[in-house]
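**Student:** Below is run-v2.cif; it holds mmCIF, C-alpha atoms and all ligand atoms.
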```cif
data_data
#
loop_
_atom_site.label_atom_id
_atom_site.label_comp_id
_atom_site.auth_asym_id
_atom_site.auth_seq_id
_atom_site.Cartn_x
_atom_site.Cartn_y
_atom_site.Cartn_z
CA MET K 1 -69.85 -65.51 51.87
CA LEU K 2 -68.53 -68.96 51.08
CA LEU K 3 -69.78 -70.57 47.90
CA GLN K 4 -70.31 -74.09 49.14
CA SER K 5 -69.39 -75.24 52.56
CA PRO K 6 -68.67 -77.91 53.67
CA LEU K 7 -67.19 -79.93 50.79
CA ASN K 8 -69.50 -80.82 47.96
CA PRO K 9 -68.26 -83.84 45.95
CA GLU K 10 -69.30 -82.27 42.65
CA HIS K 11 -67.28 -79.15 43.31
CA ALA K 12 -64.29 -81.17 44.48
CA ARG K 13 -64.05 -82.83 41.05
CA VAL K 14 -61.39 -81.48 38.70
CA SER K 15 -60.66 -82.95 35.29
CA LEU K 16 -57.30 -82.73 33.52
CA GLN K 17 -56.60 -83.43 29.88
CA ARG K 18 -53.36 -83.28 27.95
CA LEU K 19 -53.50 -81.15 24.79
CA ASN K 20 -50.39 -79.89 23.03
CA THR K 21 -51.88 -78.17 20.03
CA TYR K 22 -54.69 -75.77 19.15
CA ASN K 23 -55.58 -77.78 16.06
CA PRO K 24 -59.41 -77.35 15.90
CA THR K 25 -60.27 -81.07 15.64
CA ASP K 26 -57.92 -82.11 18.44
CA THR K 27 -59.06 -79.21 20.60
CA LEU K 28 -62.76 -80.03 20.28
CA ALA K 29 -62.11 -83.72 21.02
CA ALA K 30 -59.95 -82.81 24.03
CA VAL K 31 -62.54 -80.45 25.52
CA GLU K 32 -65.24 -83.10 25.11
CA LYS K 33 -63.04 -85.68 26.82
CA LEU K 34 -62.14 -83.19 29.52
CA LEU K 35 -65.80 -82.71 30.42
CA GLU K 36 -66.69 -86.43 30.47
CA PRO K 37 -65.77 -87.00 34.15
CA LEU K 38 -67.93 -83.99 35.05
CA GLY K 39 -70.95 -85.48 33.26
CA GLY K 40 -70.35 -83.71 29.94
CA ILE K 41 -71.53 -80.26 28.90
CA SER K 42 -75.17 -81.30 29.37
CA SER K 43 -74.58 -81.37 33.13
CA PHE K 44 -74.11 -77.62 32.96
CA VAL K 45 -76.13 -76.42 29.96
CA LYS K 46 -79.81 -77.28 29.47
CA PRO K 47 -81.79 -76.60 26.28
CA GLY K 48 -82.99 -73.01 26.04
CA GLN K 49 -80.73 -71.65 28.77
CA LYS K 50 -78.86 -68.39 28.28
CA VAL K 51 -75.17 -69.25 28.45
CA LEU K 52 -72.52 -66.58 28.88
CA ILE K 53 -68.93 -67.54 28.05
CA LYS K 54 -66.40 -65.34 29.84
CA PRO K 55 -62.92 -65.71 28.30
CA ASN K 56 -59.82 -63.75 29.26
CA LEU K 57 -59.90 -60.74 26.92
CA LEU K 58 -57.27 -58.70 28.71
CA ALA K 59 -55.87 -56.88 25.72
CA GLY K 60 -55.89 -56.88 21.93
CA LYS K 61 -52.96 -59.23 21.34
CA PRO K 62 -52.75 -62.11 18.83
CA PRO K 63 -53.27 -65.66 20.18
CA GLU K 64 -49.55 -66.57 20.02
CA LYS K 65 -48.80 -63.94 22.69
CA ALA K 66 -50.84 -66.02 25.18
CA VAL K 67 -52.46 -62.92 26.66
CA THR K 68 -56.02 -64.04 25.92
CA THR K 69 -57.87 -67.36 25.91
CA HIS K 70 -57.05 -69.10 22.64
CA PRO K 71 -59.82 -68.76 20.03
CA GLU K 72 -59.86 -72.51 19.32
CA ILE K 73 -60.67 -73.24 22.97
CA VAL K 74 -63.42 -70.64 22.72
CA ARG K 75 -64.73 -72.26 19.51
CA ALA K 76 -64.84 -75.72 21.10
CA VAL K 77 -66.74 -74.51 24.16
CA ILE K 78 -69.21 -72.48 22.09
CA LYS K 79 -69.92 -75.50 19.87
CA LEU K 80 -70.46 -77.86 22.80
CA ALA K 81 -72.74 -75.39 24.58
CA GLN K 82 -74.73 -74.83 21.38
CA ASN K 83 -75.01 -78.57 20.77
CA ALA K 84 -76.43 -78.90 24.29
CA GLY K 85 -79.19 -76.48 23.28
CA GLY K 86 -77.83 -73.37 24.96
CA ASN K 87 -78.47 -69.89 23.69
CA VAL K 88 -74.80 -68.91 23.77
CA THR K 89 -73.27 -65.45 24.15
CA LEU K 90 -69.69 -64.37 24.84
CA GLY K 91 -68.55 -61.24 26.64
CA ASP K 92 -65.90 -59.54 28.75
CA SER K 93 -64.66 -56.11 29.72
CA PRO K 94 -61.00 -55.65 28.72
CA GLY K 95 -58.65 -53.47 30.77
CA ILE K 96 -58.47 -50.98 27.95
CA GLY K 97 -59.75 -50.65 24.43
CA SER K 98 -63.17 -51.42 23.08
CA PRO K 99 -64.24 -55.01 23.70
CA GLU K 100 -64.86 -55.45 19.95
CA ASN K 101 -61.34 -54.35 19.05
CA VAL K 102 -59.76 -56.56 21.67
CA ALA K 103 -61.91 -59.52 20.61
CA ARG K 104 -61.02 -58.92 16.95
CA LYS K 105 -57.25 -58.71 17.54
CA SER K 106 -57.27 -61.79 19.76
CA GLY K 107 -59.03 -63.84 17.05
CA ILE K 108 -62.04 -64.43 19.29
CA LEU K 109 -64.47 -62.19 17.41
CA ALA K 110 -63.95 -64.20 14.21
CA VAL K 111 -64.83 -67.40 16.08
CA VAL K 112 -67.88 -65.75 17.61
CA GLU K 113 -69.08 -64.72 14.16
CA GLU K 114 -68.33 -68.08 12.55
CA THR K 115 -70.23 -70.00 15.22
CA GLY K 116 -73.25 -67.68 15.19
CA CYS K 117 -72.78 -66.89 18.87
CA ASP K 118 -73.74 -63.38 20.08
CA PHE K 119 -71.00 -61.03 21.26
CA VAL K 120 -72.11 -59.05 24.32
CA PRO K 121 -69.51 -56.52 25.44
CA PHE K 122 -69.83 -55.71 29.14
CA GLU K 123 -71.01 -52.11 29.21
CA THR K 124 -73.88 -51.74 31.65
CA SER K 125 -72.87 -51.66 35.27
CA VAL K 126 -75.29 -52.67 38.01
CA THR K 127 -74.85 -53.05 41.74
CA ILE K 128 -75.11 -56.39 43.49
CA ASN K 129 -75.13 -56.79 47.25
CA PRO K 130 -73.67 -60.09 48.41
CA THR K 131 -74.18 -60.92 52.07
CA GLY K 132 -72.01 -62.61 54.64
CA GLY K 133 -68.62 -61.41 53.44
CA THR K 134 -66.45 -58.34 53.76
CA PHE K 135 -67.59 -56.71 50.51
CA HIS K 136 -71.27 -55.84 50.54
CA GLN K 137 -71.39 -54.23 47.15
CA PHE K 138 -69.95 -54.89 43.71
CA GLU K 139 -70.66 -53.12 40.47
CA VAL K 140 -70.73 -55.76 37.75
CA ALA K 141 -71.91 -56.09 34.17
CA GLN K 142 -75.64 -56.51 33.69
CA GLU K 143 -74.76 -58.71 30.72
CA ILE K 144 -73.22 -61.35 32.98
CA LEU K 145 -76.18 -61.28 35.37
CA ASP K 146 -78.57 -61.85 32.46
CA ALA K 147 -77.13 -65.35 31.93
CA ASP K 148 -78.61 -68.54 33.38
CA VAL K 149 -75.22 -70.21 33.15
CA ILE K 150 -71.75 -68.63 33.26
CA ILE K 151 -68.87 -70.56 31.72
CA ASN K 152 -65.59 -69.15 32.97
CA LEU K 153 -62.80 -69.58 30.39
CA PRO K 154 -59.50 -68.32 31.82
CA LYS K 155 -55.97 -68.50 30.45
CA LEU K 156 -53.38 -69.74 32.97
CA LYS K 157 -50.89 -66.90 33.39
CA THR K 158 -48.60 -65.36 35.94
CA HIS K 159 -49.84 -62.15 37.50
CA GLN K 160 -47.43 -59.59 38.88
CA MET K 161 -49.82 -58.55 41.61
CA MET K 162 -51.64 -61.80 42.48
CA GLY K 163 -49.05 -64.43 41.52
CA LEU K 164 -51.34 -66.32 39.15
CA THR K 165 -54.48 -65.52 37.21
CA CYS K 166 -56.74 -68.48 36.60
CA GLY K 167 -60.26 -69.47 37.71
CA VAL K 168 -60.89 -66.93 40.48
CA LYS K 169 -59.12 -63.89 39.02
CA ASN K 170 -60.70 -64.26 35.58
CA MET K 171 -64.08 -63.24 37.00
CA PHE K 172 -62.69 -59.76 37.77
CA GLY K 173 -63.52 -59.06 34.11
CA ALA K 174 -67.17 -58.87 35.20
CA VAL K 175 -66.37 -55.44 36.62
CA VAL K 176 -66.94 -52.96 33.81
CA GLY K 177 -64.01 -50.91 32.42
CA LEU K 178 -62.80 -48.09 34.62
CA ARG K 179 -64.41 -49.49 37.74
CA LYS K 180 -61.56 -52.03 37.87
CA PRO K 181 -58.86 -49.46 38.71
CA ARG K 182 -61.17 -48.07 41.39
CA LEU K 183 -61.29 -51.46 43.08
CA HIS K 184 -57.50 -51.66 42.84
CA LEU K 185 -57.31 -48.35 44.66
CA GLN K 186 -59.79 -49.45 47.29
CA ALA K 187 -57.52 -52.41 48.03
CA GLY K 188 -54.46 -50.12 47.91
CA THR K 189 -51.18 -51.89 48.59
CA ASP K 190 -52.84 -54.64 50.58
CA LYS K 191 -52.73 -57.57 48.22
CA SER K 192 -54.45 -59.90 50.66
CA PHE K 193 -57.39 -57.51 50.80
CA PHE K 194 -57.49 -57.36 47.00
CA ALA K 195 -57.33 -61.16 46.89
CA LEU K 196 -60.25 -61.35 49.32
CA MET K 197 -62.22 -59.03 47.08
CA LEU K 198 -61.50 -61.30 44.09
CA LEU K 199 -62.62 -64.36 46.04
CA GLU K 200 -65.86 -62.74 47.16
CA LEU K 201 -66.60 -61.40 43.68
CA CYS K 202 -66.06 -64.83 42.13
CA GLU K 203 -68.26 -66.42 44.79
CA ALA K 204 -71.00 -63.86 44.18
CA LEU K 205 -71.01 -64.59 40.44
CA ALA K 206 -70.61 -68.36 40.91
CA PRO K 207 -69.71 -69.55 37.40
CA ALA K 208 -71.20 -73.01 36.80
CA LEU K 209 -68.21 -74.34 34.91
CA THR K 210 -64.59 -73.26 34.61
CA ILE K 211 -62.43 -74.49 31.73
CA VAL K 212 -58.80 -73.38 31.75
CA ASP K 213 -56.68 -72.88 28.65
CA ALA K 214 -53.27 -74.00 29.87
CA VAL K 215 -52.17 -75.43 26.54
CA VAL K 216 -49.87 -72.46 26.13
CA GLY K 217 -49.82 -70.36 29.30
CA MET K 218 -47.76 -67.36 30.33
CA GLU K 219 -44.74 -67.17 32.66
CA GLY K 220 -42.66 -64.21 33.83
CA GLU K 221 -44.20 -60.76 33.77
CA GLY K 222 -47.84 -61.70 33.29
CA PRO K 223 -50.62 -61.13 32.77
CA GLY K 224 -49.86 -58.80 29.85
CA SER K 225 -46.12 -58.82 29.23
CA GLY K 226 -44.86 -62.29 30.12
CA ASP K 227 -43.60 -65.07 27.87
CA PRO K 228 -45.72 -67.84 26.36
CA VAL K 229 -44.90 -71.23 27.84
CA GLN K 230 -46.01 -74.66 26.66
CA ILE K 231 -47.90 -76.40 29.46
CA GLY K 232 -50.03 -78.71 27.32
CA VAL K 233 -53.01 -79.06 29.65
CA LEU K 234 -56.73 -78.28 29.90
CA LEU K 235 -58.44 -78.18 33.30
CA ALA K 236 -62.14 -78.14 34.10
CA GLY K 237 -64.36 -78.17 37.15
CA SER K 238 -67.36 -76.49 38.69
CA HIS K 239 -65.49 -74.67 41.44
CA PRO K 240 -62.91 -72.00 40.51
CA GLN K 241 -61.08 -72.46 43.80
CA ALA K 242 -60.59 -76.18 43.18
CA ILE K 243 -59.32 -75.38 39.71
CA ASP K 244 -56.82 -72.85 41.06
CA THR K 245 -55.54 -75.33 43.64
CA VAL K 246 -54.70 -77.78 40.84
CA ALA K 247 -53.33 -75.05 38.54
CA THR K 248 -50.95 -73.86 41.28
CA GLU K 249 -49.59 -77.40 41.64
CA LEU K 250 -49.42 -77.88 37.89
CA VAL K 251 -46.92 -75.07 37.44
CA GLY K 252 -45.01 -75.87 40.63
CA MET K 253 -45.94 -72.75 42.57
CA LYS K 254 -46.67 -72.69 46.30
CA SER K 255 -49.90 -71.41 47.83
CA HIS K 256 -48.13 -68.47 49.45
CA GLN K 257 -47.01 -67.30 45.99
CA VAL K 258 -50.62 -67.04 44.81
CA TYR K 259 -52.46 -64.41 46.81
CA THR K 260 -56.00 -65.61 46.11
CA GLN K 261 -54.95 -69.13 47.05
CA GLN K 262 -53.32 -68.08 50.30
CA GLN K 263 -56.24 -65.82 51.17
CA ALA K 264 -58.66 -68.70 50.54
CA ILE K 265 -56.62 -70.88 52.90
CA ASP K 266 -56.37 -68.16 55.54
CA THR K 267 -60.13 -67.62 55.51
CA GLY K 268 -60.93 -71.33 55.77
CA ARG K 269 -62.41 -71.73 52.33
CA PRO K 270 -62.82 -75.25 50.91
CA TYR K 271 -61.07 -76.84 47.91
CA THR K 272 -57.71 -75.29 48.71
CA GLN K 273 -55.88 -78.59 49.32
CA LEU K 274 -55.25 -81.34 46.80
CA GLN K 275 -56.39 -83.91 49.39
CA GLN K 276 -59.85 -82.31 49.32
CA LEU K 277 -60.15 -82.81 45.57
CA GLU K 278 -61.05 -85.68 43.28
CA LEU K 279 -58.86 -85.55 40.19
CA HIS K 280 -59.88 -87.21 36.91
CA GLY K 281 -58.36 -87.64 33.47
CA ASP K 282 -54.64 -87.50 32.85
CA PRO K 283 -52.57 -87.80 36.07
CA LEU K 284 -51.46 -84.47 37.53
CA GLU K 285 -48.02 -85.90 38.35
CA LEU K 286 -47.38 -86.56 34.64
CA LEU K 287 -48.65 -83.13 33.57
CA LYS K 288 -46.68 -80.96 36.01
CA ILE K 289 -44.10 -78.73 34.38
CA ASN K 290 -40.66 -77.83 35.68
CA ASN K 291 -38.92 -74.48 35.77
CA PHE K 292 -42.06 -72.39 35.39
CA ARG K 293 -40.94 -68.81 35.90
CA PRO K 294 -43.17 -66.85 38.33
CA ALA K 295 -43.55 -63.08 38.10
CA LYS K 296 -41.08 -60.94 40.02
CA ILE K 297 -41.93 -59.94 43.58
CA THR K 298 -44.08 -56.84 43.66
CA ASP K 299 -45.14 -56.79 47.30
CA VAL K 300 -44.93 -53.25 48.63
CA ASN K 301 -46.15 -53.62 52.19
CA PHE K 302 -43.71 -55.59 54.35
CA GLY K 303 -45.81 -54.60 57.38
CA LEU K 304 -43.33 -51.81 58.04
CA LYS K 305 -43.53 -48.07 58.35
CA GLY K 306 -41.29 -45.10 57.63
CA GLY K 307 -37.83 -45.05 56.08
CA LEU K 308 -37.12 -48.76 56.32
CA LYS K 309 -40.34 -49.57 54.48
CA HIS K 310 -39.45 -46.97 51.84
CA TYR K 311 -35.98 -48.49 51.43
CA LEU K 312 -37.22 -52.08 51.29
CA ARG K 313 -39.98 -51.17 48.86
CA ASN K 314 -37.47 -49.78 46.40
CA ALA K 315 -34.78 -52.39 47.07
CA LEU K 316 -37.01 -55.44 46.90
CA THR K 317 -40.03 -54.83 44.76
CA ALA K 318 -40.32 -54.85 41.02
CA ARG K 319 -41.81 -51.70 39.57
CA PRO K 320 -42.97 -50.45 36.19
CA GLU K 321 -40.56 -48.21 34.32
CA PRO K 322 -41.29 -46.33 31.11
CA ASP K 323 -39.30 -47.19 28.02
CA HIS K 324 -39.16 -43.67 26.66
CA LYS K 325 -38.22 -44.89 23.18
CA LEU K 326 -41.45 -46.89 22.91
CA CYS K 327 -43.75 -44.55 24.82
CA GLN K 328 -46.05 -42.58 22.51
CA LEU K 329 -47.25 -40.29 25.34
CA CYS K 330 -50.81 -41.37 24.60
CA ASN K 331 -51.80 -40.75 28.25
CA ASP K 332 -53.83 -43.99 28.55
CA CYS K 333 -51.84 -45.27 31.51
CA VAL K 334 -51.99 -41.87 33.21
CA THR K 335 -55.77 -41.77 33.14
CA HIS K 336 -56.13 -45.35 34.38
CA CYS K 337 -53.48 -45.41 37.14
CA PRO K 338 -55.57 -46.07 40.31
CA PRO K 339 -53.60 -43.82 42.74
CA GLU K 340 -52.81 -41.20 40.06
CA ALA K 341 -49.10 -41.90 40.38
CA MET K 342 -48.34 -41.14 36.71
CA LYS K 343 -48.05 -37.96 34.77
CA ILE K 344 -46.61 -36.64 31.55
CA ALA K 345 -44.29 -33.74 32.23
CA ASP K 346 -41.37 -32.25 30.33
CA GLY K 347 -42.33 -34.40 27.35
CA LYS K 348 -41.86 -37.65 29.33
CA LEU K 349 -43.94 -40.14 31.23
CA GLN K 350 -43.09 -39.95 34.93
CA ILE K 351 -44.05 -42.23 37.83
CA ASP K 352 -44.22 -41.29 41.50
CA TYR K 353 -43.03 -44.52 43.12
CA ASP K 354 -44.11 -43.43 46.58
CA ARG K 355 -47.69 -43.41 45.36
CA CYS K 356 -47.42 -46.41 43.01
CA ILE K 357 -49.15 -49.49 44.46
CA ARG K 358 -47.47 -51.88 41.95
CA CYS K 359 -50.78 -53.04 40.53
CA PHE K 360 -49.24 -53.14 37.01
CA CYS K 361 -52.49 -51.92 35.46
CA CYS K 362 -50.37 -49.53 33.38
CA GLN K 363 -48.30 -52.36 31.94
CA GLU K 364 -51.40 -54.41 31.19
CA LEU K 365 -53.03 -51.64 29.27
CA CYS K 366 -50.16 -49.92 27.44
CA PRO K 367 -50.83 -50.56 23.74
CA HIS K 368 -47.14 -50.03 22.86
CA GLY K 369 -45.44 -52.29 25.41
CA ALA K 370 -43.69 -49.20 26.74
CA LEU K 371 -43.68 -50.17 30.42
CA ILE K 372 -41.02 -52.63 31.43
CA THR K 373 -40.64 -54.35 34.78
CA LYS K 374 -37.57 -53.29 36.69
CA GLN K 375 -36.44 -55.34 39.67
CA GLY K 376 -35.33 -53.74 42.92
CA ILE K 377 -31.58 -53.65 43.56
CA LEU K 378 -31.59 -56.49 46.10
CA LEU K 379 -33.49 -58.72 43.72
CA ARG K 380 -31.06 -57.92 40.94
CA LEU K 381 -28.14 -58.69 43.26
CA ASN K 382 -29.77 -61.96 44.24
CA SER K 383 -30.24 -62.96 40.58
CA PHE K 384 -26.63 -62.02 39.85
CA LEU K 385 -25.30 -64.14 42.72
CA HIS K 386 -27.45 -67.08 41.63
CA ARG K 387 -26.08 -66.82 38.11
CA LYS K 388 -22.55 -66.85 39.51
CA SER K 389 -23.09 -69.82 41.81
S1 LIG W 1 -46.49 -45.86 28.59
FE1 LIG W 1 -47.90 -46.64 27.05
S2 LIG W 1 -49.95 -46.11 27.78
FE2 LIG W 1 -48.46 -44.84 28.93
S3 LIG W 1 -48.33 -42.93 27.81
FE3 LIG W 1 -46.68 -44.27 27.06
S4 LIG W 1 -47.55 -45.31 25.29
FE4 LIG W 1 -49.29 -44.45 26.42
S1 LIG W 2 -47.82 -46.58 38.04
FE1 LIG W 2 -48.67 -48.47 37.16
S2 LIG W 2 -48.21 -50.01 38.71
FE2 LIG W 2 -48.01 -48.02 39.71
S3 LIG W 2 -50.04 -47.64 40.60
FE3 LIG W 2 -50.02 -46.67 38.57
S4 LIG W 2 -50.92 -48.23 37.22
FE4 LIG W 2 -50.33 -49.28 39.10
#
```
Rewrite the structure from the file as structure tokens, please.
Ligand code: SF4
Ligand code: SF4
**Tutor:**
Amino acid sequence: MLLQSPLNPEHARVSLQRLNTYNPTDTLAAVEKLLEPLGGISSFVKPGQKVLIKPNLLAGKPPEKAVTTHPEIVRAVIKLAQNAGGNVTLGDSPGIGSPENVARKSGILAVVEETGCDFVPFETSVTINPTGGTFHQFEVAQEILDADVIINLPKLKTHQMMGLTCGVKNMFGAVVGLRKPRLHLQAGTDKSFFALMLLELCEALAPALTIVDAVVGMEGEGPGSGDPVQIGVLLAGSHPQAIDTVATELVGMKSHQVYTQQQAIDTGRPYTQLQQLELHGDPLELLKINNFRPAKITDVNFGLKGGLKHYLRNALTARPEPDHKLCQLCNDCVTHCPPEAMKIADGKLQIDYDRCIRCFCCQELCPHGALITKQGILLRLNSFLHRKS
């Protein structure tokens, strides 16, 4: 099912605003200015409406790690939505850990409490049945369906499986807890299929407004273990696909490096080309950053079978490897690994790389940072030769 087809001028509008600090006053002013070309917050939130803010609450890390949406962005959006008369709640379903704990460690729970907004952890799963697409059933949080208006509040980060996580991927948090790994397994090693699922899920939930925290984003081994990178930008629009098209350009990545983006192009979805969009605010050309470091290649398919596929998979793809000094043998990753490729045996965490689908769920959820990304030998050789040349 396509969200809006053909092009709708309102959905083609994307606003960009430079912001280099999370200072509360500057942040609030920047978010207000960001929304002006879209008609302001009152274009999205009407008095008395139930508003659900969906940040990125991937894991309980402090704001400076850039794993979660920054609390000051959250504060600004809550305030604006409240000022517009909305009855504002905030919720998500983290990969692991209780939503309250993750929200507390990320600094978001304090903001929620200070602003008098309600925190609604996603706990109750209900089935929705979208029509017209490939996926006819999703199990999503009742709490998100209860809202009149969803405001999607992603953090711009690399993603070792999907290339980037931004507007479209952030809505995957609507799937409650352990159902996420199940969907990973359903998609298996086919990243395009997983990307299609993400697109259709996002379309089914149709957030009214997406505001991206790209003030400090993440590069390298995102979404949980990469490095914070100063980008200095906020983006906003009513269509997550349009937002992702601009975000991909902003960090200098190509569509084929972002699986949801490429899948959207391949399936003829709108708002996948800059020429289809109407950009407002600070000029994209002045905001683009250089030398953004994408995640390492993790593709495991190659469209091949047998021994050659096995060889290429190990030679080319990045894979998670336990750091046995850091691993506390807590078993969390073992119980969440979608294809059950992990086990603790002989007092050590072990991974069956023939079963591993390189989804990096384990790395996202490990509370001790005990899963590192190891590149395949050909990739390491390539990096070595580039360093020499
Ligand atoms: S790698 Fe992390 S999540 Fe897995 S058992 Fe070790 S400490 Fe626990
Ligand atoms: S070992 Fe990690 S990366 Fe591999 S399938 Fe399991 S959770 Fe995913």
**Student:** Could you make a table, as JSON lines, of the residues of chain K that have an atom within 6 Å of an atom of ligand LIG 2 (chain W), each with its nearest atom pair and distance in Å to one decimal, counting all atoms listed in the file, in chain and number order?
**Tutor:**
```
{"residue": "K:Pro320", "atom": "CA", "partner": "W:LIG2", "partner_atom": "S2", "distance": 5.8}
{"residue": "K:Cys337", "atom": "CA", "partner": "W:LIG2", "partner_atom": "S4", "distance": 3.8}
{"residue": "K:Pro338", "atom": "CA", "partner": "W:LIG2", "partner_atom": "S3", "distance": 5.8}
{"residue": "K:Pro339", "atom": "CA", "partner": "W:LIG2", "partner_atom": "S3", "distance": 5.6}
{"residue": "K:Ala341", "atom": "CA", "partner": "W:LIG2", "partner_atom": "FE3", "distance": 5.2}
{"residue": "K:Met342", "atom": "CA", "partner": "W:LIG2", "partner_atom": "S1", "distance": 5.6}
{"residue": "K:Ile351", "atom": "CA", "partner": "W:LIG2", "partner_atom": "S1", "distance": 5.8}
{"residue": "K:Cys356", "atom": "CA", "partner": "W:LIG2", "partner_atom": "FE2", "distance": 3.7}
{"residue": "K:Ile357", "atom": "CA", "partner": "W:LIG2", "partner_atom": "S3", "distance": 4.4}
{"residue": "K:Arg358", "atom": "CA", "partner": "W:LIG2", "partner_atom": "S2", "distance": 3.8}
{"residue": "K:Cys359", "atom": "CA", "partner": "W:LIG2", "partner_atom": "FE4", "distance": 4.0}
{"residue": "K:Phe360", "atom": "CA", "partner": "W:LIG2", "partner_atom": "S2", "distance": 3.7}
{"residue": "K:Cys361", "atom": "CA", "partner": "W:LIG2", "partner_atom": "S4", "distance": 4.4}
{"residue": "K:Cys362", "atom": "CA", "partner": "W:LIG2", "partner_atom": "S4", "distance": 4.1}
```
**Student:** Just checking: using all atoms listed in the file, which residue out of K:Asn101, K:Asn20, K:Thr272, K:Ser125 ends up closest to Val140 in chain K?
**Tutor:**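 Once distances to Val140 in chain K are computed over all atoms listed in the file, the minimum belongs to K:Ser125.
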**Student:** Nearest to Pro283 in chain K: which of K:Thr335, K:Lys296, K:Val246, K:Val77 is it, counting only C-alpha atoms?
**Tutor:** K:Val246
**Student:** Could you state the separation of CA of Pro130 in chain K and CA of Gly86 in chain K in Å, given to one decimal place?
**Tutor:** 27.3 Å
**Student:** Please provide as a PyMOL selection string all residues within 6 Å of Ala295 in chain K, with the sequence filter that same-chain residues fewer than 2 positions apart are discarded (counting all atoms listed in the file).
**Tutor:** chain K and resi 158+160+220-221
**Student:** Any chance you could tabulate, as CSV, the residues of chain K at most 6 Å from ligand LIG 1 (chain W) with each one's nearest atom pair and distance in Å to one decimal, using only C-alpha atoms and all ligand atoms, in chain and rising number order?
**Tutor:**
```
residue,atom,partner,partner_atom,distance
K:Pro322,CA,W:LIG1,S1,5.8
K:Cys327,CA,W:LIG1,FE3,3.7
K:Gln328,CA,W:LIG1,S4,4.2
K:Leu329,CA,W:LIG1,S3,3.8
K:Cys330,CA,W:LIG1,FE4,3.9
K:Asn331,CA,W:LIG1,S3,4.1
K:Asp332,CA,W:LIG1,S2,4.5
K:Cys333,CA,W:LIG1,S2,4.3
K:Cys366,CA,W:LIG1,S2,3.8
K:Pro367,CA,W:LIG1,FE1,5.9
K:His368,CA,W:LIG1,S4,5.3
K:Ala370,CA,W:LIG1,S1,4.7
K:Leu371,CA,W:LIG1,S1,5.5
```
**Student:** Find the distance between CA of Gln137 in chain K and CA of Arg355 in chain K and write it in Å to one decimal.
**Tutor:**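 Between CA of Gln137 in chain K and CA of Arg355 in chain K the gap is 26.1 Å.
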**Student:** To one decimal in Å, tell me the separation between CA of Lys155 in chain K and CA of Thr131 in chain K.
**Tutor:**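 So the two atoms, CA of Lys155 in chain K and CA of Thr131 in chain K, lie 29.3 Å apart.
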**Student:** Given the choices K:Gly48, K:Pro207, K:Gly95, K:Pro240, which gets closest to Lys180 in chain K if the distance is worked out from all atoms listed in the file?
**Tutor:**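 Nearest to Lys180 in chain K: K:Gly95.
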**Student:** Using only C-alpha atoms, which residues sit within 9 Å of Pro63 in chain K once same-chain residues fewer than 4 positions away are excluded, as a list in words?
**Tutor:**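 Residues meeting the cut-off are Val67, Thr68, Thr69, His70, Pro71, Lys105, Ser106, Gly107 and Ile108 of chain K.
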**Student:** Using all atoms listed in the file, find the one residue out of K:Ala59, K:Ala214, K:Ile128, K:Leu196 that sits nearest to Ile73 in chain K.
**Tutor:**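 Smallest distance to Ile73 in chain K is found for K:Ala214.
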**Student:** Go through K:Met197, K:Leu277, K:Val168, K:Ala208 and flag the residue nearest Leu156 in chain K, using all atoms listed in the file for the distances.
**Tutor:**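 Ranked by minimum distance to Leu156 in chain K, first place goes to K:Val168.
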**Student:** For Ala206 in chain K, which residue out of K:Gly237, K:Leu7, K:Val149, K:Val176 is the nearest one, using all atoms listed in the file?
**Tutor:**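 Checking each candidate against Ala206 in chain K, we get K:Val149 as the closest.
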**Student:** Output, as lines of an AutoDock Vina configuration file, the centre and edge lengths in Å (one decimal) of the axis-aligned box that contains all listed atoms of range 15-22 of chain K with 5 Å of margin on each side.
**Tutor:**
```
center_x = -55.5
center_y = -79.6
center_z = 27.2
size_x = 20.3
size_y = 17.7
size_z = 26.1
```
**Student:** Might you pull out every residue within 12 Å of Glu72 in chain K, with only C-alpha atoms counted and same-chain residues fewer than 6 positions away left off, and present them as a list of chain:residue names?
**Tutor:**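 Non-adjacent residues within range: K:Thr21, K:Tyr22, K:Asn23, K:Pro24, K:Thr25, K:Asp26, K:Thr27, K:Leu28, K:Ala29, K:Ala30, K:Val31, K:Pro55, K:Pro63, K:Glu64, K:Ile78, K:Lys79, K:Ser106, K:Gly107, K:Ile108, K:Leu109, K:Ala110, K:Val111, K:Val112, K:Glu114, K:Thr115, K:Leu153, K:Asp213, K:Val215.
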**Student:** Quick one: residues within 7 Å of Tyr271 in chain K, all atoms listed in the file, excluding same-chain residues fewer than 5 positions away - as JSON, numbers by chain?
**Tutor:** {"K": [12, 241, 242, 276, 277]}
